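J.: Here you go, coords-v1.csv (CSV, C-alpha atoms and all ligand atoms):
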```csv
chain,number,residue,atom,x,y,z
A,1,THR,CA,-67.9,17.5,71.7
A,2,SER,CA,-70.5,14.8,71.7
A,3,GLN,CA,-74.2,15.1,72.7
A,4,LYS,CA,-73.5,12.8,75.6
A,5,ILE,CA,-71.5,15.3,77.5
A,6,LYS,CA,-72.1,19.0,77.8
A,7,VAL,CA,-69.2,21.2,78.9
A,8,ASP,CA,-69.8,24.8,79.9
A,9,PHE,CA,-66.6,26.8,80.5
A,10,ASP,CA,-66.9,30.2,82.2
A,11,GLN,CA,-63.9,32.3,81.2
A,12,SER,CA,-64.5,34.8,83.9
A,13,THR,CA,-64.1,32.3,86.7
A,14,GLY,CA,-61.9,29.7,85.1
A,15,VAL,CA,-64.3,26.9,86.0
A,16,ALA,CA,-65.9,24.4,83.7
A,17,VAL,CA,-69.0,22.3,84.4
A,18,MET,CA,-69.1,18.9,82.7
A,19,ARG,CA,-72.6,17.4,82.5
A,20,MET,CA,-73.0,13.7,81.7
A,21,GLN,CA,-76.2,13.3,79.7
A,22,SER,CA,-76.2,9.7,78.4
A,23,PRO,CA,-79.7,8.3,79.0
A,24,PRO,CA,-80.9,6.5,80.8
A,25,VAL,CA,-78.3,6.1,83.5
A,26,ASN,CA,-74.9,7.6,82.3
A,27,SER,CA,-73.4,4.2,82.0
A,28,LEU,CA,-69.8,4.4,81.0
A,29,SER,CA,-69.7,2.9,77.5
A,30,LEU,CA,-66.7,2.8,75.2
A,31,GLU,CA,-68.1,5.7,73.2
A,32,PHE,CA,-69.0,7.7,76.3
A,33,LEU,CA,-65.6,7.1,77.9
A,34,THR,CA,-63.8,8.2,74.7
A,35,ASP,CA,-65.9,11.4,74.6
A,36,VAL,CA,-65.3,12.2,78.2
A,37,CYS,CA,-61.5,11.8,77.8
A,38,ILE,CA,-61.5,14.1,74.7
A,39,ALA,CA,-63.4,16.7,76.6
A,40,LEU,CA,-61.2,16.5,79.6
A,41,GLU,CA,-58.0,16.7,77.5
A,42,LYS,CA,-59.3,19.9,75.9
A,43,LEU,CA,-59.9,21.5,79.2
A,44,GLU,CA,-56.6,20.3,80.6
A,45,MET,CA,-54.8,22.0,77.7
A,46,ASP,CA,-56.6,25.3,78.2
A,47,LYS,CA,-54.4,27.0,80.8
A,48,SER,CA,-57.2,29.4,81.7
A,49,CYS,CA,-59.3,26.5,82.9
A,50,ARG,CA,-58.4,25.9,86.6
A,51,GLY,CA,-61.4,24.0,87.9
A,52,LEU,CA,-63.9,21.3,86.8
A,53,ILE,CA,-67.2,20.3,88.3
A,54,VAL,CA,-68.5,17.0,87.1
A,55,THR,CA,-72.3,16.3,87.4
A,56,SER,CA,-75.2,14.5,85.8
A,57,SER,CA,-78.1,15.8,83.7
A,58,GLN,CA,-80.0,12.5,84.3
A,59,PRO,CA,-82.5,12.5,87.1
A,60,LYS,CA,-81.7,10.3,90.1
A,61,VAL,CA,-78.4,8.9,88.7
A,62,PHE,CA,-74.9,10.4,88.7
A,63,SER,CA,-73.5,7.4,86.8
A,64,ALA,CA,-74.5,3.7,86.8
A,65,GLY,CA,-70.8,2.8,86.4
A,66,LEU,CA,-69.2,0.8,83.6
A,67,ASN,CA,-71.6,-0.2,80.8
A,68,ILE,CA,-72.2,-3.8,81.6
A,69,LEU,CA,-73.1,-4.4,77.9
A,70,ASP,CA,-69.6,-3.5,76.9
A,71,MET,CA,-68.4,-6.5,79.1
A,72,TYR,CA,-71.2,-9.0,78.3
A,73,GLY,CA,-71.0,-11.2,75.2
A,74,LYS,CA,-68.3,-9.2,73.6
A,75,SER,CA,-65.2,-10.3,71.7
A,76,PRO,CA,-61.8,-10.2,73.5
A,77,GLU,CA,-60.8,-7.4,71.1
A,78,HIS,CA,-63.7,-5.3,72.2
A,79,CYS,CA,-62.9,-5.9,75.9
A,80,VAL,CA,-59.3,-4.8,75.3
A,81,GLU,CA,-60.5,-1.5,73.7
A,82,PHE,CA,-63.1,-1.0,76.5
A,83,TRP,CA,-60.6,-1.6,79.3
A,84,LYS,CA,-58.0,0.7,77.8
A,85,ALA,CA,-60.7,3.5,77.8
A,86,VAL,CA,-61.6,2.8,81.4
A,87,GLN,CA,-57.9,3.1,82.4
A,88,GLU,CA,-57.5,6.3,80.3
A,89,MET,CA,-60.5,7.9,82.1
A,90,TRP,CA,-59.1,7.1,85.5
A,91,LEU,CA,-55.6,8.2,84.7
A,92,LYS,CA,-56.8,11.5,83.2
A,93,PHE,CA,-59.2,12.3,86.1
A,94,TYR,CA,-57.0,11.1,89.0
A,95,GLY,CA,-54.0,12.9,87.5
A,96,SER,CA,-55.7,16.1,86.5
A,97,ASN,CA,-54.0,19.4,87.2
A,98,MET,CA,-57.4,21.0,87.6
A,99,ILE,CA,-59.3,21.3,90.8
A,100,THR,CA,-62.0,18.6,90.3
A,101,ILE,CA,-65.2,18.5,92.3
A,102,ALA,CA,-67.9,15.8,91.9
A,103,ALA,CA,-71.5,17.1,92.3
A,104,VAL,CA,-73.0,13.7,92.9
A,105,ASN,CA,-76.7,14.4,92.3
A,106,GLY,CA,-77.8,10.8,92.2
A,107,SER,CA,-76.8,7.2,92.6
A,108,SER,CA,-73.2,6.4,91.9
A,109,PRO,CA,-72.4,2.6,92.0
A,110,ALA,CA,-69.1,1.0,90.9
A,111,GLY,CA,-67.5,2.9,88.1
A,112,GLY,CA,-69.6,5.9,89.0
A,113,CYS,CA,-68.2,5.8,92.5
A,114,LEU,CA,-64.7,5.5,91.0
A,115,LEU,CA,-65.2,8.5,88.9
A,116,SER,CA,-66.3,10.6,91.8
A,117,MET,CA,-63.4,9.3,93.9
A,118,THR,CA,-61.0,10.6,91.3
A,119,CYS,CA,-62.1,14.1,92.2
A,120,ASP,CA,-60.6,16.4,94.8
A,121,TYR,CA,-63.9,16.9,96.6
A,122,ARG,CA,-67.3,15.2,96.6
A,123,ILE,CA,-70.7,16.8,97.4
A,124,MET,CA,-73.7,14.4,97.4
A,125,ALA,CA,-77.4,15.0,97.3
A,126,ASP,CA,-78.9,14.2,100.7
A,127,ASN,CA,-81.5,11.8,99.4
A,128,PRO,CA,-81.7,8.3,101.1
A,129,ARG,CA,-82.8,6.7,97.9
A,130,TYR,CA,-79.4,7.3,96.4
A,131,SER,CA,-76.4,5.1,97.0
A,132,ILE,CA,-72.7,5.1,96.3
A,133,GLY,CA,-70.0,2.5,96.6
A,134,LEU,CA,-67.9,-0.2,94.8
A,135,ASN,CA,-70.4,-3.0,94.6
A,136,GLU,CA,-68.4,-5.2,92.1
A,137,THR,CA,-68.5,-8.4,94.2
A,138,GLN,CA,-72.3,-8.2,94.1
A,139,LEU,CA,-72.0,-8.7,90.3
A,140,GLY,CA,-69.6,-11.6,90.8
A,141,ILE,CA,-66.7,-9.5,89.6
A,142,VAL,CA,-63.6,-8.1,91.3
A,143,ALA,CA,-62.6,-4.4,91.6
A,144,PRO,CA,-59.2,-4.0,90.0
A,145,PHE,CA,-56.2,-3.0,92.2
A,146,TRP,CA,-56.4,0.7,91.1
A,147,PHE,CA,-60.1,0.9,92.0
A,148,LYS,CA,-59.1,-0.5,95.4
A,149,ASP,CA,-56.2,1.9,95.7
A,150,THR,CA,-58.4,4.9,94.9
A,151,MET,CA,-60.8,3.8,97.6
A,152,ILE,CA,-58.0,3.2,100.2
A,153,ASN,CA,-56.7,6.7,99.4
A,154,THR,CA,-60.2,8.1,100.1
A,155,VAL,CA,-61.5,6.2,103.1
A,156,GLY,CA,-58.6,4.0,104.4
A,157,HIS,CA,-57.7,0.4,104.4
A,158,ARG,CA,-60.1,-1.2,106.9
A,159,THR,CA,-63.2,0.5,105.5
A,160,THR,CA,-62.1,-0.4,102.0
A,161,GLU,CA,-61.6,-4.0,102.8
A,162,MET,CA,-65.1,-4.4,104.2
A,163,ALA,CA,-66.7,-2.3,101.5
A,164,LEU,CA,-65.0,-4.3,98.7
A,165,GLN,CA,-65.6,-7.8,100.1
A,166,LEU,CA,-69.3,-7.1,100.8
A,167,GLY,CA,-69.8,-4.9,97.7
A,168,LEU,CA,-71.3,-2.3,99.9
A,169,LEU,CA,-73.5,0.5,98.6
A,170,TYR,CA,-73.8,3.3,101.1
A,171,SER,CA,-76.6,5.8,101.7
A,172,PRO,CA,-75.5,9.4,101.5
A,173,ALA,CA,-75.5,9.6,105.4
A,174,GLU,CA,-73.3,6.4,105.6
A,175,ALA,CA,-71.0,7.7,102.8
A,176,LEU,CA,-70.5,10.9,104.7
A,177,LYS,CA,-69.7,9.1,107.9
A,178,ILE,CA,-66.9,7.0,106.4
A,179,GLY,CA,-65.6,9.9,104.3
A,180,LEU,CA,-66.6,8.5,101.0
A,181,VAL,CA,-68.2,11.9,100.3
A,182,ASP,CA,-67.2,15.1,101.9
A,183,GLN,CA,-70.5,17.0,102.2
A,184,LEU,CA,-74.3,16.4,101.9
A,185,VAL,CA,-76.6,19.1,100.8
A,186,PRO,CA,-80.3,19.2,99.6
A,187,GLU,CA,-80.7,17.9,96.1
A,188,ASP,CA,-81.3,21.4,94.6
A,189,GLN,CA,-78.2,22.8,96.1
A,190,VAL,CA,-75.6,20.3,94.9
A,191,LEU,CA,-74.3,22.4,92.0
A,192,THR,CA,-74.4,25.8,93.8
A,193,THR,CA,-72.5,24.3,96.7
A,194,ALA,CA,-69.9,22.8,94.3
A,195,THR,CA,-69.5,26.3,92.8
A,196,GLU,CA,-69.0,27.9,96.2
A,197,THR,CA,-66.6,25.2,97.3
A,198,MET,CA,-64.6,25.7,94.1
A,199,THR,CA,-64.1,29.4,95.0
A,200,LYS,CA,-62.3,28.3,98.2
A,201,TRP,CA,-60.0,25.9,96.3
A,202,LEU,CA,-59.3,28.5,93.6
A,203,ALA,CA,-57.8,30.8,96.3
A,204,ILE,CA,-54.8,28.5,96.7
A,205,PRO,CA,-51.9,29.1,94.3
A,206,ASP,CA,-52.2,26.5,91.5
A,207,HIS,CA,-48.5,25.5,91.4
A,208,ALA,CA,-48.4,24.6,95.1
A,209,ARG,CA,-51.8,22.8,95.1
A,210,GLN,CA,-50.9,20.9,91.9
A,211,LEU,CA,-47.5,19.7,93.2
A,212,THR,CA,-49.2,18.7,96.4
A,213,LYS,CA,-51.9,16.8,94.6
A,214,SER,CA,-49.3,15.1,92.5
A,215,MET,CA,-47.2,14.1,95.5
A,216,MET,CA,-50.3,12.5,97.1
A,217,ARG,CA,-51.4,10.6,94.0
A,218,LYS,CA,-48.3,9.9,91.9
A,219,PRO,CA,-47.4,6.5,93.5
A,220,THR,CA,-51.0,5.2,92.9
A,221,ILE,CA,-50.9,6.5,89.3
A,222,ASP,CA,-47.5,5.1,88.6
A,223,LYS,CA,-48.6,1.7,89.7
A,224,LEU,CA,-51.1,1.5,86.9
A,225,THR,CA,-49.0,3.3,84.3
A,226,SER,CA,-46.3,0.8,84.6
A,227,ASN,CA,-48.7,-2.1,84.5
A,228,ARG,CA,-51.3,-1.1,82.0
A,229,GLU,CA,-50.8,-4.0,79.6
A,230,ALA,CA,-50.8,-6.6,82.3
A,231,ASP,CA,-53.9,-5.0,83.7
A,232,VAL,CA,-55.7,-5.2,80.3
A,233,ASN,CA,-54.7,-8.8,79.9
A,234,ASN,CA,-56.0,-9.7,83.4
A,235,PHE,CA,-59.3,-8.0,82.8
A,236,VAL,CA,-59.9,-9.7,79.4
A,237,LYS,CA,-58.9,-13.1,80.8
A,238,PHE,CA,-61.2,-12.7,83.7
A,239,ILE,CA,-64.2,-11.1,82.1
A,240,THR,CA,-64.4,-13.5,79.2
A,241,LYS,CA,-64.6,-16.6,81.5
A,242,ASP,CA,-67.9,-18.5,81.1
A,243,SER,CA,-68.5,-18.4,84.8
A,244,ILE,CA,-68.1,-14.6,84.9
A,245,GLN,CA,-70.2,-14.1,81.8
A,246,LYS,CA,-72.9,-16.1,83.5
A,247,SER,CA,-72.7,-13.9,86.6
A,248,LEU,CA,-73.1,-10.8,84.5
A,249,GLY,CA,-76.0,-12.3,82.7
A,250,MET,CA,-77.8,-13.1,85.9
A,251,TYR,CA,-77.1,-9.6,87.2
A,252,LEU,CA,-78.6,-8.0,84.1
A,253,GLU,CA,-81.7,-10.3,84.5
A,254,MET,CA,-81.9,-9.1,88.1
A,255,LEU,CA,-81.9,-5.4,87.0
A,256,LYS,CA,-84.7,-6.1,84.5
A,257,ARG,CA,-86.8,-8.1,87.0
A,258,ARG,CA,-86.4,-5.4,89.7
A,259,LYS,CA,-87.8,-3.0,87.2
A,260,ALA,CA,-90.9,-5.1,86.4
A,301,LIG,N1,-74.7,-1.0,82.4
A,301,LIG,C1,-75.6,-1.2,81.4
A,301,LIG,N2,-76.9,-1.0,81.6
A,301,LIG,C2,-77.3,-0.5,82.8
A,301,LIG,C3,-76.4,-0.3,83.8
A,301,LIG,C4,-75.0,-0.5,83.6
A,301,LIG,N3,-74.1,-0.3,84.5
A,301,LIG,N4,-77.1,0.2,84.9
A,301,LIG,C5,-78.4,0.2,84.5
A,301,LIG,N5,-78.6,-0.2,83.2
A,301,LIG,C6,-79.8,-0.3,82.4
A,301,LIG,C7,-80.8,-1.2,83.1
A,301,LIG,O1,-80.7,-2.5,82.8
A,301,LIG,C8,-82.1,-0.6,82.5
A,301,LIG,O2,-82.2,-1.1,81.2
A,301,LIG,P1,-83.6,-1.4,80.5
A,301,LIG,O3,-84.3,-0.1,80.4
A,301,LIG,O4,-83.3,-2.0,79.1
A,301,LIG,O5,-84.3,-2.4,81.4
A,301,LIG,C9,-81.8,0.9,82.3
A,301,LIG,O6,-80.4,1.0,82.4
A,301,LIG,C10,-82.4,1.7,83.4
A,301,LIG,O7,-82.0,1.2,84.7
A,301,LIG,P2,-82.9,1.1,86.0
A,301,LIG,O8,-84.3,0.8,85.6
A,301,LIG,O9,-82.3,0.1,86.9
A,301,LIG,O10,-82.8,2.6,86.5
A,301,LIG,P3,-83.0,3.2,88.0
A,301,LIG,O11,-83.1,4.6,87.8
A,301,LIG,O12,-84.2,2.4,88.6
A,301,LIG,O13,-81.7,2.8,88.8
A,301,LIG,C11,-79.4,2.5,89.1
A,301,LIG,C12,-80.5,3.4,88.5
A,301,LIG,C13,-79.4,2.7,90.6
A,301,LIG,C14,-78.0,3.1,88.5
A,301,LIG,C15,-79.5,1.1,88.7
A,301,LIG,O14,-79.7,1.0,87.3
A,301,LIG,C16,-78.4,0.2,89.0
A,301,LIG,O15,-78.2,-0.2,90.1
A,301,LIG,N6,-77.6,-0.2,88.0
A,301,LIG,C17,-76.5,-1.2,88.1
A,301,LIG,C18,-75.3,-0.4,88.6
A,301,LIG,C19,-74.1,-1.4,88.7
A,301,LIG,O16,-74.2,-2.3,89.4
A,301,LIG,N7,-73.1,-1.1,88.0
A,301,LIG,C20,-71.9,-1.8,88.0
A,301,LIG,C21,-71.2,-1.8,86.7
A,301,LIG,S1,-69.6,-2.6,86.8
A,301,LIG,C22,-68.4,-1.4,87.1
A,301,LIG,O17,-68.8,-0.2,87.0
A,301,LIG,C23,-67.0,-1.7,87.5
A,301,LIG,C24,-66.6,-3.0,86.9
A,301,LIG,C25,-65.2,-3.3,87.1
A,301,LIG,C26,-64.7,-4.5,86.3
A,301,LIG,C27,-63.9,-5.4,87.0
A,301,LIG,C28,-63.8,-6.8,86.2
A,301,LIG,C29,-62.5,-7.4,86.4
```
Can you present the structure in this file as C-alpha cells?
Ligand code: CO8
T.:
Amino acid sequence: TSQKIKVDFDQSTGVAVMRMQSPPVNSLSLEFLTDVCIALEKLEMDKSCRGLIVTSSQPKVFSAGLNILDMYGKSPEHCVEFWKAVQEMWLKFYGSNMITIAAVNGSSPAGGCLLSMTCDYRIMADNPRYSIGLNETQLGIVAPFWFKDTMINTVGHRTTEMALQLGLLYSPAEALKIGLVDQLVPEDQVLTTATETMTKWLAIPDHARQLTKSMMRKPTIDKLTSNREADVNNFVKFITKDSIQKSLGMYLEMLKRRKA
C-alpha cells in the first residue's frame, strides 16, 4: 500500500489498524481516497480480518475532510473523478462487513466527520481544542444527501437539521452529548480504548451482526448506489459555478490568514 496509509493487521486478534498519515492534515485527496479504498478492499477480502480501527498518525487532526484543492480551480473531468472516489470511500466504509471503530484522535471536520460516522463506533480524544461536525455551509457549499442521511442515522433529524444549516463544529463534550461520538477518553487512551471496545464487538457472532448492520444501513446505501451518476453530475455542476469557486477561494484565504 501507499506511504499515506499504514495498515497493521494482527492475525491473532483478527483486527487491523489503519493509520492515516498524509501530512499535514490527512485531507482526503483523490490519490489518498484511492489508496484508502484499495487498502479497505484488501482487508474486506481477507476473511480472517473481522475488525478495523481507523485513526490518524498526524498530531491534532483526525482528518481535515475533503481536500479543498481537489475542488478548487480544477477541470470538470477532475471533479468527476474526485467525486467518484468520495462516493466509493463512503460506500465501502458504510457498507463494510467488518466491525469498524473510529479512534478520533484530533479534529474531524466535514469529510473527516463523515468518515468517522461511517464507522460502527466512535471514540474521541477529550481535548476541547478539537472539533467535529459537518461544517460545509461555512464554506458556502452544501453537504450532499448521503452526508445528511449518514448524520440523521447517527444523531437524528432535528439535530442534523440544525447542525447542517449552521455548519456546526462541536467540541468533544458537545459531540458526546448529541451522540455524534460514543465515548470520550484522554488523548493517550484513544487507541487502547478502541482495542478494548473491539473485543466486546468481536464477541458477537459475525453473521448476525453483519446482517443487522446491513438491515440498518442498506436503504441509505441503496439511495446512493441507484443515483451515483446523477449525484456526480450535481456535484460537478455545483462545484464548478463561479460563485461557489469564489466561496472556496475565500475560505482557503481565511485558512491561510488564520495561520499567520
Ligand atoms: N483541504 C486542503 N487543504 C487543507 C484542508 C483541506 N480540507 N484543511 C487544511 N488545509 C491546509 C491549510 O490550508 C494549511 O495549508 P498551508 O500550510 O499551505 O497554509 C495546511 O493544510 C495546515 O492547516 P492548518 O494550519 O489550518 O492546520 P491546523 O492544525 O491549525 O488545523 C484543521 C487543522 C482544524 C483541520 C484546519 O486545517 C481546518 O479547519 N481545515 C479546514 C477543514 C474544512 O473545513 N474542511 C472542509 C472540506 S469540504 C468537505 O470535506 C466536504 C465537502 C462536500 C462537498 C459538497 C459540495 C457539493
J.: Which residues form the shell of 6 Å around ligand LIG 301 (chain A) when you count only C-alpha atoms and all ligand atoms, given as a ChimeraX atom specification?
T.: /A:24-25,27,61,64-69,107,109-111,136,141-144,235,239,255-256,259
J.: Can you tell me which residues surround A:Leu248 at a distance of at most 8 Å, considering all atoms listed in the file, apart from same-chain residues fewer than 6 positions away, and format the answer as number ranges by chain?
T.: A: 68, 72, 139-140
J.: For A:Leu211, which residue out of A:Met198, A:Ala230, A:Ile244, A:Met98 is the nearest one, using only C-alpha atoms?
T.: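 Nearest to A:Leu211: A:Met98.
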J.: Would you kindly return, as number ranges by chain, each protein, DNA or RNA residue with an atom no farther than 9 Å from any atom of A:Lys84, considering only C-alpha atoms and excluding same-chain residues fewer than 5 positions away?
T.: A: 79, 89, 228-229, 232
J.: How would the residues just picked look written out with C-alpha atoms as a PDB file, keeping the file's coordinate frame?
T.:
```pdb
ATOM      1  CA  CYS A  79     -62.900  -5.900  75.900  1.00  0.00           C
ATOM      2  CA  MET A  89     -60.500   7.900  82.100  1.00  0.00           C
ATOM      3  CA  ARG A 228     -51.300  -1.100  82.000  1.00  0.00           C
ATOM      4  CA  GLU A 229     -50.800  -4.000  79.600  1.00  0.00           C
ATOM      5  CA  VAL A 232     -55.700  -5.200  80.300  1.00  0.00           C
TER       6      VAL A 232
END
```
J.: My list of candidates is A:Thr154, A:Pro172, A:Thr137, A:Met124. Which is closest to A:Thr192 when distances are computed with all atoms listed in the file?
T.: A:Met124
J.: So how far away is atom CA of A:Arg122 from atom CA of A:Tyr170, in Å?
T.: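 Atom-to-atom, atom CA of A:Tyr170 to atom CA of A:Arg122, that is 14.3 Å.
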J.: By how many Å are atom CA of A:Lys200 and atom CA of A:Ser96 apart?
T.: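 Pair atom CA of A:Lys200 / atom CA of A:Ser96 returns 18.1 Å.
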J.: I'd like to know which of A:Gly73, A:Gly112, A:Gly179, A:Pro128 is closest to A:Val236, using only C-alpha atoms.
T.: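 Of all the options, A:Gly73 lies closest to A:Val236.
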J.: For each of A:Thr55, A:Thr160, A:Gln21, A:Asn127, take the minimum atom-to-atom distance to A:Ala194, counting all atoms listed in the file, then give the residue where this is smallest.
T.: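 For A:Ala194, the nearest of the given residues is A:Thr55.
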J.: Please determine, counting only C-alpha atoms, which residue among A:Leu91, A:Leu169, A:Ile152, A:Met71 has the shortest atom-to-atom distance to A:Lys241.
T.: A:Met71
J.: I need the residue nearest A:Trp83 from this list: A:Ser29, A:Thr193, A:Thr13, A:Thr159. Use only C-alpha atoms for the distance.
T.: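 Of the candidates, the smallest distance to A:Trp83 is held by A:Ser29.
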J.: Report, in Å to a single decimal, how far apart atom CA of A:Thr199 and atom CA of A:Met20 are.
T.: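 Separation between atom CA of A:Met20 and atom CA of A:Thr199: 22.4 Å.
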J.: Can you pull out the residues contacting A:Pro219? Cut-off 12 Å, using only C-alpha atoms, and skip same-chain residues under 6 positions away; I want them as a list in words.
T.: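 After dropping sequence-adjacent residues, the list is Tyr94, Gly95, Trp146, Asp149, Thr150, Asn153, Lys213, Thr225 and Ser226 of chain A.
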J.: Write the residues of the selection above to a file with C-alpha atoms, as a short mmCIF file (atom, residue, chain, number, x, y, z; two decimals), in the coordinates of the input.
T.:
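The new file result_32.cif reads:
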```
data_model
loop_
_atom_site.label_atom_id
_atom_site.label_comp_id
_atom_site.auth_asym_id
_atom_site.auth_seq_id
_atom_site.Cartn_x
_atom_site.Cartn_y
_atom_site.Cartn_z
CA TYR A 94 -57.00 11.10 89.00
CA GLY A 95 -54.00 12.90 87.50
CA TRP A 146 -56.40 0.70 91.10
CA ASP A 149 -56.20 1.90 95.70
CA THR A 150 -58.40 4.90 94.90
CA ASN A 153 -56.70 6.70 99.40
CA LYS A 213 -51.90 16.80 94.60
CA THR A 225 -49.00 3.30 84.30
CA SER A 226 -46.30 0.80 84.60
#
```
J.: Counting only C-alpha atoms, which residues come within 7 Å of (-61.9, 13.9, 92.4), with the point read in the file's coordinates, and could you list them as a list of chain:residue names?
T.: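 It turns out the residues near that spot are A:Tyr94, A:Thr100, A:Ile101, A:Ala102, A:Ser116, A:Met117, A:Thr118, A:Cys119, A:Asp120, A:Tyr121, A:Arg122.
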J.: Go ahead and dump the residues you just picked, C-alpha atoms, as an mmCIF file, keeping the file's coordinate frame.
T.:
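That gives us result_9.cif:
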```
data_model
loop_
_atom_site.group_PDB
_atom_site.id
_atom_site.type_symbol
_atom_site.label_atom_id
_atom_site.label_comp_id
_atom_site.auth_asym_id
_atom_site.auth_seq_id
_atom_site.Cartn_x
_atom_site.Cartn_y
_atom_site.Cartn_z
ATOM 1 C CA TYR A 94 -57.000 11.100 89.000
ATOM 2 C CA THR A 100 -62.000 18.600 90.300
ATOM 3 C CA ILE A 101 -65.200 18.500 92.300
ATOM 4 C CA ALA A 102 -67.900 15.800 91.900
ATOM 5 C CA SER A 116 -66.300 10.600 91.800
ATOM 6 C CA MET A 117 -63.400 9.300 93.900
ATOM 7 C CA THR A 118 -61.000 10.600 91.300
ATOM 8 C CA CYS A 119 -62.100 14.100 92.200
ATOM 9 C CA ASP A 120 -60.600 16.400 94.800
ATOM 10 C CA TYR A 121 -63.900 16.900 96.600
ATOM 11 C CA ARG A 122 -67.300 15.200 96.600
#
```
J.: Since fewer atoms than expected are present, regenerate N, CA, C and O atoms for stretch 221-232 of chain A and write them as an mmCIF file, in the frame of the given file.
T.:
```cif
data_model
loop_
_atom_site.group_PDB
_atom_site.id
_atom_site.type_symbol
_atom_site.label_atom_id
_atom_site.label_comp_id
_atom_site.auth_asym_id
_atom_site.auth_seq_id
_atom_site.Cartn_x
_atom_site.Cartn_y
_atom_site.Cartn_z
ATOM 1 N N ILE A 221 -50.839 6.373 90.733
ATOM 2 C CA ILE A 221 -50.900 6.500 89.300
ATOM 3 C C ILE A 221 -49.828 5.687 88.595
ATOM 4 O O ILE A 221 -50.069 4.949 87.646
ATOM 5 N N ASP A 222 -48.603 5.808 89.143
ATOM 6 C CA ASP A 222 -47.500 5.100 88.600
ATOM 7 C C ASP A 222 -47.677 3.581 88.543
ATOM 8 O O ASP A 222 -47.236 2.878 87.641
ATOM 9 N N LYS A 223 -48.362 3.091 89.571
ATOM 10 C CA LYS A 223 -48.600 1.700 89.700
ATOM 11 C C LYS A 223 -49.404 1.151 88.467
ATOM 12 O O LYS A 223 -49.118 0.083 87.943
ATOM 13 N N LEU A 224 -50.387 1.919 88.047
ATOM 14 C CA LEU A 224 -51.100 1.500 86.900
ATOM 15 C C LEU A 224 -50.351 1.788 85.584
ATOM 16 O O LEU A 224 -50.285 0.949 84.687
ATOM 17 N N THR A 225 -49.745 2.977 85.513
ATOM 18 C CA THR A 225 -49.000 3.300 84.300
ATOM 19 C C THR A 225 -47.987 2.303 83.916
ATOM 20 O O THR A 225 -47.813 1.972 82.754
ATOM 21 N N SER A 226 -47.313 1.759 84.929
ATOM 22 C CA SER A 226 -46.300 0.800 84.600
ATOM 23 C C SER A 226 -46.797 -0.630 84.480
ATOM 24 O O SER A 226 -46.035 -1.569 84.252
ATOM 25 N N ASN A 227 -48.111 -0.785 84.630
ATOM 26 C CA ASN A 227 -48.700 -2.100 84.500
ATOM 27 C C ASN A 227 -49.929 -2.180 83.624
ATOM 28 O O ASN A 227 -50.773 -3.062 83.757
ATOM 29 N N ARG A 228 -50.041 -1.219 82.725
ATOM 30 C CA ARG A 228 -51.300 -1.100 82.000
ATOM 31 C C ARG A 228 -51.586 -2.345 81.135
ATOM 32 O O ARG A 228 -52.721 -2.829 81.116
ATOM 33 N N GLU A 229 -50.556 -2.856 80.446
ATOM 34 C CA GLU A 229 -50.800 -4.000 79.600
ATOM 35 C C GLU A 229 -51.213 -5.225 80.333
ATOM 36 O O GLU A 229 -52.155 -5.925 79.961
ATOM 37 N N ALA A 230 -50.510 -5.476 81.428
ATOM 38 C CA ALA A 230 -50.800 -6.600 82.300
ATOM 39 C C ALA A 230 -52.251 -6.501 82.818
ATOM 40 O O ALA A 230 -52.999 -7.479 82.915
ATOM 41 N N ASP A 231 -52.614 -5.274 83.170
ATOM 42 C CA ASP A 231 -53.900 -5.000 83.700
ATOM 43 C C ASP A 231 -55.031 -5.291 82.668
ATOM 44 O O ASP A 231 -56.084 -5.854 82.978
ATOM 45 N N VAL A 232 -54.756 -4.895 81.424
ATOM 46 C CA VAL A 232 -55.700 -5.200 80.300
ATOM 47 C C VAL A 232 -55.833 -6.683 80.149
ATOM 48 O O VAL A 232 -56.949 -7.218 80.071
#
```
